[in-house]
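Chemist: Starting off with a structure, shown below.
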Amino acid sequence: MNLIFEESHAGHRCTKLPAVNLPVYAFAPELRREKDAKLPEVSECELVRHYTELSEQTYGVDKGFYPLGSCTMKYNPKVNEEAAALKGFTDIHPLQDAATVQGSLKLMHTLSHDLSEITGMDEMGLQPSAGAHGEFTGLCLIKAYHEYRHDTKRTKIIVPDSAHGTNPASAHMNGFEVISISSKNGLVDLDELDKVLDDTVAGLMLTNPNTLGLYDTGILEITKRVHAAGGLCYYDGANLNAIMGISRPGDMGFDCVHLNLHKTFSTPHGGGGPGAGAIGCKKNLAPFMPHPMVKEENGVYAFYTPEHSIGKVRAFSGSFLVLVRALTYITVLGAEGLKKTSENAVLNANYLMHQLKDVYTPAYDRICMHEFVLSLQNLKDTAGVSAMGIAKRMIDYQMHPPTMYFPMIVHEALMFEPTETESVYTLDKASEALHEIYDEAVNHDIDFDHAPFTTEYSRPDEVQAARHPILNYYAEETAHSDQ
Ligand SMILES: *Cc1c(COP(=O)(O)O)cnc(C)c1O
């Protein structure tokens, strides 16, 4: 489809300003444009059609099945949006006096309390912008803790090889050395852990259930051994969707967690919109939390700075409207509802894995949590069709592809997370489509390397698109002159 600039026709307009009887203001010459701005000229109808068509080319969870593993692309209830659009929340300023925004502070205080309860933590800060930012912040806390105790030889962070890429990246950005340990049957290998535990270890980062969708049954032993060696345990909470109301990172022995509020607590994400990575900790790390935190005394809410705060990790109080959505979601569901959410997320993942098992090979053929990983190595060897080919072909069947080639320890990996919001009817349809695709791969002559065939673009160069995005439009005559 065309860009709005390419739809431009001289003289077309959407608006008609009323005539005014005011003197023309004379801008100083250096403030004036030399040439007219090249703005698109379109009628209202052309404008509406352009953006409607654009929106129809966008695939989202409101449009269809979106089993992108590790991302928790669940349906986001619209009541969250209504709450986040309330004027009392949108028309305030972060520099307003706390006395004039008591309701908003109460919301943050209540959310912190609820999230602490859900995770088994003592404190919860709401400032970080995303999961990765929460990781970075949590590692700042761990670093500050060791430094405060003058235990400065602790320079290493242990990360299992199944970890999300942001884990080693966050550790590295905090100046830690990353020690990767290999997994055994998809879980932490205690012998490998013992080999690297010593007094230079600052901590361990782990997600449980892990990125293979497996719950690490050795978790208490893992955190105990890390603590015995003087290290702290960081919980990547991106997979919290599997365990709400059932098990808590605090009870597993973790000192610090982040939550991806945009995943588990349902804010639309995936288009790079604002997220929030709440950061929770036990008492030992609380004095180091970023400021401001919110406290309540005699019914009055106020910001405060923890005693040895690491400082701020972003401006003001975080993505406030994401916090509104998260508290709305929690309040609507309640404790029982959150537990049901996790139970259904796990049930749906197991159901779909079971439906697919006859033709696609699970990487770990056992009960999974909220997501599961298939390994398509066999299909690649026998039919010459890769995980990428299958994933791209799914688009022709009106499904978003699952996560591909992650975790990296599984060959030809496809990682599905159906989420709790899909009905059994949708899961059956997805399973049927995936069986048809399998049949195409094995029995028909379809060029999987060039799928999908039904979209405006088939295979954009994803690396180029990420590394060298072209985000500006230059009219013909000035093409690239001022890039
Ligand atoms: C999504 C995810 C992250 C990173 O979270 P963002 O909010 O995208 O920064 C970290 N770990 C895991 C396991 C994830 O799935």
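Ordering of the structure tokens sets the chain letters (A, B, ...), residue numbers begin anew at 1 in every chain, and ligands are numbered from 1 in the order given.
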Residues near Cys14 of chain A, anyone? I mean within 9 Å using only C-alpha atoms, not counting same-chain ones fewer than 4 positions away, as a PyMOL selection string.

Modeler: chain A and resi 41-47

Chemist: Would you list, as a ChimeraX atom specification, the residues of segment 87-186 of chain A that end up in alpha helix (DSSP H) under DSSP run on this structure's backbone?

Modeler: /A:87-90,102-119,131-148,166-173

Chemist: Neighbours of Gln102 of chain A within 12 Å (only C-alpha atoms; same-chain residues fewer than 3 positions away dropped), as a short mmCIF file (atom, residue, chain, number, x, y, z; two decimals) with N, CA, C and O atoms, in the first residue's frame?

Modeler:
```cif
data_model
loop_
_atom_site.label_atom_id
_atom_site.label_comp_id
_atom_site.auth_asym_id
_atom_site.auth_seq_id
_atom_site.Cartn_x
_atom_site.Cartn_y
_atom_site.Cartn_z
N GLY A 88 -8.98 11.81 35.86
CA GLY A 88 -8.21 11.95 37.10
C GLY A 88 -6.83 11.31 37.00
O GLY A 88 -5.92 11.64 37.76
N PHE A 89 -6.67 10.38 36.07
CA PHE A 89 -5.36 9.75 35.87
C PHE A 89 -4.58 10.38 34.71
O PHE A 89 -3.36 10.40 34.72
N ILE A 92 -3.06 14.69 35.05
CA ILE A 92 -2.24 15.11 36.19
C ILE A 92 -0.80 15.26 35.72
O ILE A 92 -0.43 14.75 34.65
N GLN A 96 3.19 17.63 40.23
CA GLN A 96 2.13 18.13 41.12
C GLN A 96 2.42 17.76 42.57
O GLN A 96 2.99 16.71 42.83
N ASP A 97 1.99 18.60 43.50
CA ASP A 97 2.17 18.30 44.91
C ASP A 97 1.43 17.00 45.28
O ASP A 97 0.31 16.79 44.82
N ALA A 98 2.09 16.17 46.09
CA ALA A 98 1.50 14.87 46.46
C ALA A 98 0.10 15.02 47.07
O ALA A 98 -0.76 14.16 46.88
N ALA A 99 -0.13 16.12 47.77
CA ALA A 99 -1.44 16.32 48.41
C ALA A 99 -2.56 16.39 47.39
O ALA A 99 -3.71 16.08 47.70
N LEU A 105 -1.46 8.15 44.12
CA LEU A 105 -0.47 7.55 45.02
C LEU A 105 -1.05 6.30 45.70
O LEU A 105 -0.37 5.30 45.87
N LYS A 106 -2.34 6.41 46.04
CA LYS A 106 -2.99 5.24 46.66
C LYS A 106 -3.00 4.07 45.69
O LYS A 106 -2.77 2.92 46.07
N LEU A 107 -3.25 4.39 44.42
CA LEU A 107 -3.25 3.34 43.40
C LEU A 107 -1.88 2.66 43.35
O LEU A 107 -1.78 1.43 43.34
N MET A 108 -0.81 3.46 43.35
CA MET A 108 0.54 2.88 43.30
C MET A 108 0.83 2.07 44.55
O MET A 108 1.42 0.99 44.48
N HIS A 109 0.40 2.59 45.69
CA HIS A 109 0.65 1.90 46.95
C HIS A 109 -0.09 0.56 46.98
O HIS A 109 0.47 -0.47 47.36
N THR A 110 -1.35 0.59 46.53
CA THR A 110 -2.16 -0.63 46.52
C THR A 110 -1.56 -1.66 45.55
O THR A 110 -1.47 -2.85 45.86
N VAL A 294 6.40 4.74 47.33
CA VAL A 294 5.21 5.36 47.92
C VAL A 294 4.91 4.72 49.27
O VAL A 294 4.96 3.49 49.39
N LYS A 295 4.66 5.53 50.28
CA LYS A 295 4.28 5.00 51.60
C LYS A 295 2.95 5.61 52.05
O LYS A 295 2.52 6.64 51.49
N GLU A 296 2.37 4.99 53.06
CA GLU A 296 1.11 5.49 53.61
C GLU A 296 1.27 5.65 55.11
O GLU A 296 1.82 4.77 55.78
N GLY A 299 -3.38 7.29 56.62
CA GLY A 299 -4.27 7.59 55.50
C GLY A 299 -3.73 8.61 54.52
O GLY A 299 -4.41 8.97 53.55
N VAL A 300 -2.50 9.07 54.74
CA VAL A 300 -1.90 10.03 53.81
C VAL A 300 -0.78 9.33 53.04
O VAL A 300 0.07 8.66 53.63
N TYR A 301 -0.81 9.51 51.71
CA TYR A 301 0.19 8.86 50.86
C TYR A 301 1.28 9.85 50.50
O TYR A 301 1.01 11.01 50.23
N ALA A 302 2.52 9.36 50.48
CA ALA A 302 3.64 10.26 50.17
C ALA A 302 4.76 9.48 49.50
O ALA A 302 4.89 8.26 49.67
N PHE A 303 5.57 10.19 48.72
CA PHE A 303 6.77 9.59 48.15
C PHE A 303 7.86 9.58 49.23
O PHE A 303 7.90 10.45 50.10
#
```

Chemist: Skip Ser182 of chain A itself and residues of its chain fewer than 4 positions away, then list as a list in words all residues within 12 Å of it, counting only C-alpha atoms.

Modeler: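 Contacts, with the query itself left out: Ile158, Val159, Pro160, Asp161, Ser162, Ala163, Gly186, Leu187, Val188, Asp189, Leu190, Asp191, Glu192, Leu193, Lys195, Val196, Met408 and Ile409 of chain A.
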
Chemist: Go ahead and save the picked residues with N, CA, C and O atoms, as a PDB file, in the first residue's frame.

Modeler:
```pdb
ATOM      1  N   ILE A 158      25.538 -15.729  37.681  1.00  0.00           N
ATOM      2  CA  ILE A 158      25.309 -17.026  37.019  1.00  0.00           C
ATOM      3  C   ILE A 158      23.975 -16.981  36.276  1.00  0.00           C
ATOM      4  O   ILE A 158      22.960 -16.548  36.835  1.00  0.00           O
ATOM      5  N   VAL A 159      23.987 -17.419  35.026  1.00  0.00           N
ATOM      6  CA  VAL A 159      22.777 -17.426  34.198  1.00  0.00           C
ATOM      7  C   VAL A 159      22.699 -18.776  33.475  1.00  0.00           C
ATOM      8  O   VAL A 159      23.647 -19.145  32.779  1.00  0.00           O
ATOM      9  N   PRO A 160      21.616 -19.525  33.623  1.00  0.00           N
ATOM     10  CA  PRO A 160      21.511 -20.794  32.892  1.00  0.00           C
ATOM     11  C   PRO A 160      21.431 -20.567  31.377  1.00  0.00           C
ATOM     12  O   PRO A 160      20.991 -19.494  30.939  1.00  0.00           O
ATOM     13  N   ASP A 161      21.819 -21.565  30.611  1.00  0.00           N
ATOM     14  CA  ASP A 161      21.868 -21.388  29.152  1.00  0.00           C
ATOM     15  C   ASP A 161      20.484 -21.300  28.512  1.00  0.00           C
ATOM     16  O   ASP A 161      20.364 -20.976  27.337  1.00  0.00           O
ATOM     17  N   SER A 162      19.417 -21.570  29.289  1.00  0.00           N
ATOM     18  CA  SER A 162      18.072 -21.438  28.726  1.00  0.00           C
ATOM     19  C   SER A 162      17.532 -20.018  28.895  1.00  0.00           C
ATOM     20  O   SER A 162      16.425 -19.719  28.467  1.00  0.00           O
ATOM     21  N   ALA A 163      18.316 -19.133  29.525  1.00  0.00           N
ATOM     22  CA  ALA A 163      17.802 -17.806  29.897  1.00  0.00           C
ATOM     23  C   ALA A 163      17.448 -16.943  28.695  1.00  0.00           C
ATOM     24  O   ALA A 163      17.992 -17.104  27.602  1.00  0.00           O
ATOM     25  N   GLY A 186      16.705 -29.808  30.523  1.00  0.00           N
ATOM     26  CA  GLY A 186      15.967 -28.548  30.500  1.00  0.00           C
ATOM     27  C   GLY A 186      15.952 -27.811  31.828  1.00  0.00           C
ATOM     28  O   GLY A 186      15.399 -26.723  31.919  1.00  0.00           O
ATOM     29  N   LEU A 187      16.539 -28.379  32.870  1.00  0.00           N
ATOM     30  CA  LEU A 187      16.523 -27.747  34.196  1.00  0.00           C
ATOM     31  C   LEU A 187      17.950 -27.416  34.639  1.00  0.00           C
ATOM     32  O   LEU A 187      18.915 -27.870  34.022  1.00  0.00           O
ATOM     33  N   VAL A 188      18.062 -26.631  35.720  1.00  0.00           N
ATOM     34  CA  VAL A 188      19.400 -26.296  36.224  1.00  0.00           C
ATOM     35  C   VAL A 188      20.087 -27.579  36.695  1.00  0.00           C
ATOM     36  O   VAL A 188      19.509 -28.374  37.437  1.00  0.00           O
ATOM     37  N   ASP A 189      21.317 -27.766  36.251  1.00  0.00           N
ATOM     38  CA  ASP A 189      22.113 -28.919  36.638  1.00  0.00           C
ATOM     39  C   ASP A 189      22.861 -28.545  37.922  1.00  0.00           C
ATOM     40  O   ASP A 189      23.758 -27.709  37.907  1.00  0.00           O
ATOM     41  N   LEU A 190      22.461 -29.160  39.027  1.00  0.00           N
ATOM     42  CA  LEU A 190      23.033 -28.778  40.336  1.00  0.00           C
ATOM     43  C   LEU A 190      24.547 -28.980  40.379  1.00  0.00           C
ATOM     44  O   LEU A 190      25.265 -28.209  41.024  1.00  0.00           O
ATOM     45  N   ASP A 191      25.034 -29.991  39.677  1.00  0.00           N
ATOM     46  CA  ASP A 191      26.487 -30.216  39.677  1.00  0.00           C
ATOM     47  C   ASP A 191      27.203 -29.074  38.968  1.00  0.00           C
ATOM     48  O   ASP A 191      28.250 -28.613  39.403  1.00  0.00           O
ATOM     49  N   GLU A 192      26.597 -28.616  37.846  1.00  0.00           N
ATOM     50  CA  GLU A 192      27.178 -27.480  37.116  1.00  0.00           C
ATOM     51  C   GLU A 192      27.139 -26.228  37.983  1.00  0.00           C
ATOM     52  O   GLU A 192      28.070 -25.421  37.970  1.00  0.00           O
ATOM     53  N   LEU A 193      26.058 -26.079  38.734  1.00  0.00           N
ATOM     54  CA  LEU A 193      25.922 -24.917  39.620  1.00  0.00           C
ATOM     55  C   LEU A 193      27.022 -24.948  40.685  1.00  0.00           C
ATOM     56  O   LEU A 193      27.711 -23.940  40.909  1.00  0.00           O
ATOM     57  N   LYS A 195      29.861 -26.234  40.598  1.00  0.00           N
ATOM     58  CA  LYS A 195      31.202 -25.987  40.025  1.00  0.00           C
ATOM     59  C   LYS A 195      31.544 -24.505  39.972  1.00  0.00           C
ATOM     60  O   LYS A 195      32.703 -24.133  40.013  1.00  0.00           O
ATOM     61  N   VAL A 196      30.522 -23.644  39.812  1.00  0.00           N
ATOM     62  CA  VAL A 196      30.818 -22.215  39.626  1.00  0.00           C
ATOM     63  C   VAL A 196      30.535 -21.382  40.877  1.00  0.00           C
ATOM     64  O   VAL A 196      30.813 -20.187  40.903  1.00  0.00           O
ATOM     65  N   MET A 408      17.785 -21.082  22.663  1.00  0.00           N
ATOM     66  CA  MET A 408      18.792 -21.491  21.682  1.00  0.00           C
ATOM     67  C   MET A 408      19.322 -22.900  21.908  1.00  0.00           C
ATOM     68  O   MET A 408      19.969 -23.444  21.029  1.00  0.00           O
ATOM     69  N   ILE A 409      19.024 -23.479  23.080  1.00  0.00           N
ATOM     70  CA  ILE A 409      19.531 -24.844  23.318  1.00  0.00           C
ATOM     71  C   ILE A 409      18.666 -25.903  22.625  1.00  0.00           C
ATOM     72  O   ILE A 409      18.999 -27.073  22.644  1.00  0.00           O
TER      73      ILE A 409
END
```

Chemist: Find the residues near ligand 1. Use a cut-off of 6 Å, count only C-alpha atoms and all ligand atoms, and write them as a list in words.

Modeler: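 I would give the residues around ligand 1 as Ser70, Cys71, Ala130, Gly131, Ala132, His164, Thr166, Thr211, Asp236, Ala238 and Asn260 of chain A.
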
Chemist: What lies within 10 Å of Glu432 of chain A using only C-alpha atoms, ignoring chain neighbours under 6 positions off, as a list in words?

Modeler: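 In the requested form, the answer reads Gln355, Leu356, Thr426 and Tyr438 of chain A.
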
Chemist: I need the residues from that last selection saved to file as a compact mmCIF listing (two decimals), in the first residue's frame (with N, CA, C and O atoms), if you can.

Modeler:
```txt
# COMPACT_ATOMS: atom_id res chain seq x y z
N GLN A 355 -2.28 -31.90 21.49
CA GLN A 355 -2.92 -31.98 20.17
C GLN A 355 -1.89 -32.07 19.04
O GLN A 355 -2.16 -32.67 18.01
N LEU A 356 -0.74 -31.45 19.25
CA LEU A 356 0.25 -31.36 18.17
C LEU A 356 1.26 -32.51 18.17
O LEU A 356 1.97 -32.72 17.19
N THR A 426 -10.67 -22.23 19.67
CA THR A 426 -9.55 -21.60 18.98
C THR A 426 -8.33 -22.53 18.95
O THR A 426 -7.63 -22.64 17.94
N TYR A 438 1.58 -29.24 8.36
CA TYR A 438 2.49 -30.40 8.42
C TYR A 438 2.30 -31.28 7.19
O TYR A 438 3.27 -31.71 6.55
```

Chemist: Applying 8 Å and only C-alpha atoms, which residues near Asn348 of chain A remain after dropping the ones on its own chain fewer than 4 positions away? List them as a list in words.

Modeler: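 Here the answer would be Asn344, Leu352, His370, Pro418, Thr419, Glu420, Glu422, Val424 and Leu427 of chain A.
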
Chemist: Could you dump the residues just selected with N, CA, C and O atoms as a PDB file, in the first residue's frame?

Modeler:
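This went into selection-v2.pdb:
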```pdb
ATOM      1  N   ASN A 344      -5.618 -21.934  33.848  1.00  0.00           N
ATOM      2  CA  ASN A 344      -6.059 -22.058  32.458  1.00  0.00           C
ATOM      3  C   ASN A 344      -4.916 -21.857  31.469  1.00  0.00           C
ATOM      4  O   ASN A 344      -4.894 -22.487  30.411  1.00  0.00           O
ATOM      5  N   LEU A 352      -2.752 -27.840  23.894  1.00  0.00           N
ATOM      6  CA  LEU A 352      -2.256 -27.638  22.525  1.00  0.00           C
ATOM      7  C   LEU A 352      -1.041 -28.534  22.246  1.00  0.00           C
ATOM      8  O   LEU A 352      -0.939 -29.134  21.171  1.00  0.00           O
ATOM      9  N   HIS A 370       3.024 -22.848  31.221  1.00  0.00           N
ATOM     10  CA  HIS A 370       2.161 -22.011  30.389  1.00  0.00           C
ATOM     11  C   HIS A 370       2.630 -21.945  28.941  1.00  0.00           C
ATOM     12  O   HIS A 370       2.014 -21.281  28.124  1.00  0.00           O
ATOM     13  N   PRO A 418      -0.073 -20.294  24.308  1.00  0.00           N
ATOM     14  CA  PRO A 418      -1.431 -19.949  23.846  1.00  0.00           C
ATOM     15  C   PRO A 418      -2.104 -18.910  24.739  1.00  0.00           C
ATOM     16  O   PRO A 418      -2.951 -18.159  24.261  1.00  0.00           O
ATOM     17  N   THR A 419      -1.761 -18.864  26.016  1.00  0.00           N
ATOM     18  CA  THR A 419      -2.365 -18.029  27.071  1.00  0.00           C
ATOM     19  C   THR A 419      -3.759 -18.515  27.443  1.00  0.00           C
ATOM     20  O   THR A 419      -4.431 -19.206  26.670  1.00  0.00           O
ATOM     21  N   GLU A 420      -4.195 -18.075  28.605  1.00  0.00           N
ATOM     22  CA  GLU A 420      -5.469 -18.521  29.178  1.00  0.00           C
ATOM     23  C   GLU A 420      -6.675 -17.954  28.454  1.00  0.00           C
ATOM     24  O   GLU A 420      -7.780 -18.467  28.612  1.00  0.00           O
ATOM     25  N   GLU A 422      -7.527 -17.967  25.352  1.00  0.00           N
ATOM     26  CA  GLU A 422      -8.015 -18.666  24.158  1.00  0.00           C
ATOM     27  C   GLU A 422      -8.979 -19.788  24.552  1.00  0.00           C
ATOM     28  O   GLU A 422      -8.740 -20.509  25.519  1.00  0.00           O
ATOM     29  N   VAL A 424     -11.100 -23.383  23.855  1.00  0.00           N
ATOM     30  CA  VAL A 424     -10.716 -24.688  23.313  1.00  0.00           C
ATOM     31  C   VAL A 424     -11.023 -24.738  21.813  1.00  0.00           C
ATOM     32  O   VAL A 424     -10.324 -25.386  21.032  1.00  0.00           O
ATOM     33  N   LEU A 427      -8.088 -23.205  20.079  1.00  0.00           N
ATOM     34  CA  LEU A 427      -6.930 -24.114  20.134  1.00  0.00           C
ATOM     35  C   LEU A 427      -7.116 -25.263  19.154  1.00  0.00           C
ATOM     36  O   LEU A 427      -6.159 -25.681  18.482  1.00  0.00           O
TER      37      LEU A 427
END
```

Chemist: With only C-alpha atoms as the counted atoms, please give the residues lying no more than 8 Å from Glu177 of chain A, apart from itself and same-chain residues fewer than 2 positions off, as a ChimeraX atom specification.

Modeler: /A:155-157,171-172,175,179

Chemist: Measuring atom to atom with only C-alpha atoms, identify which of A:Pro94, A:Gly138, A:Gly318, A:Gly218 is nearest to Gly203 of chain A.

Modeler: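 Of the candidates, the smallest distance to Gly203 of chain A is held by A:Gly138.
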
Chemist: Give the strand (DSSP E) residues of segment 194-319 of chain A, as assigned by DSSP on the backbone, as a ChimeraX atom specification.

Modeler: /A:201-206,232-236,256-258,279-281,293-297,300-304
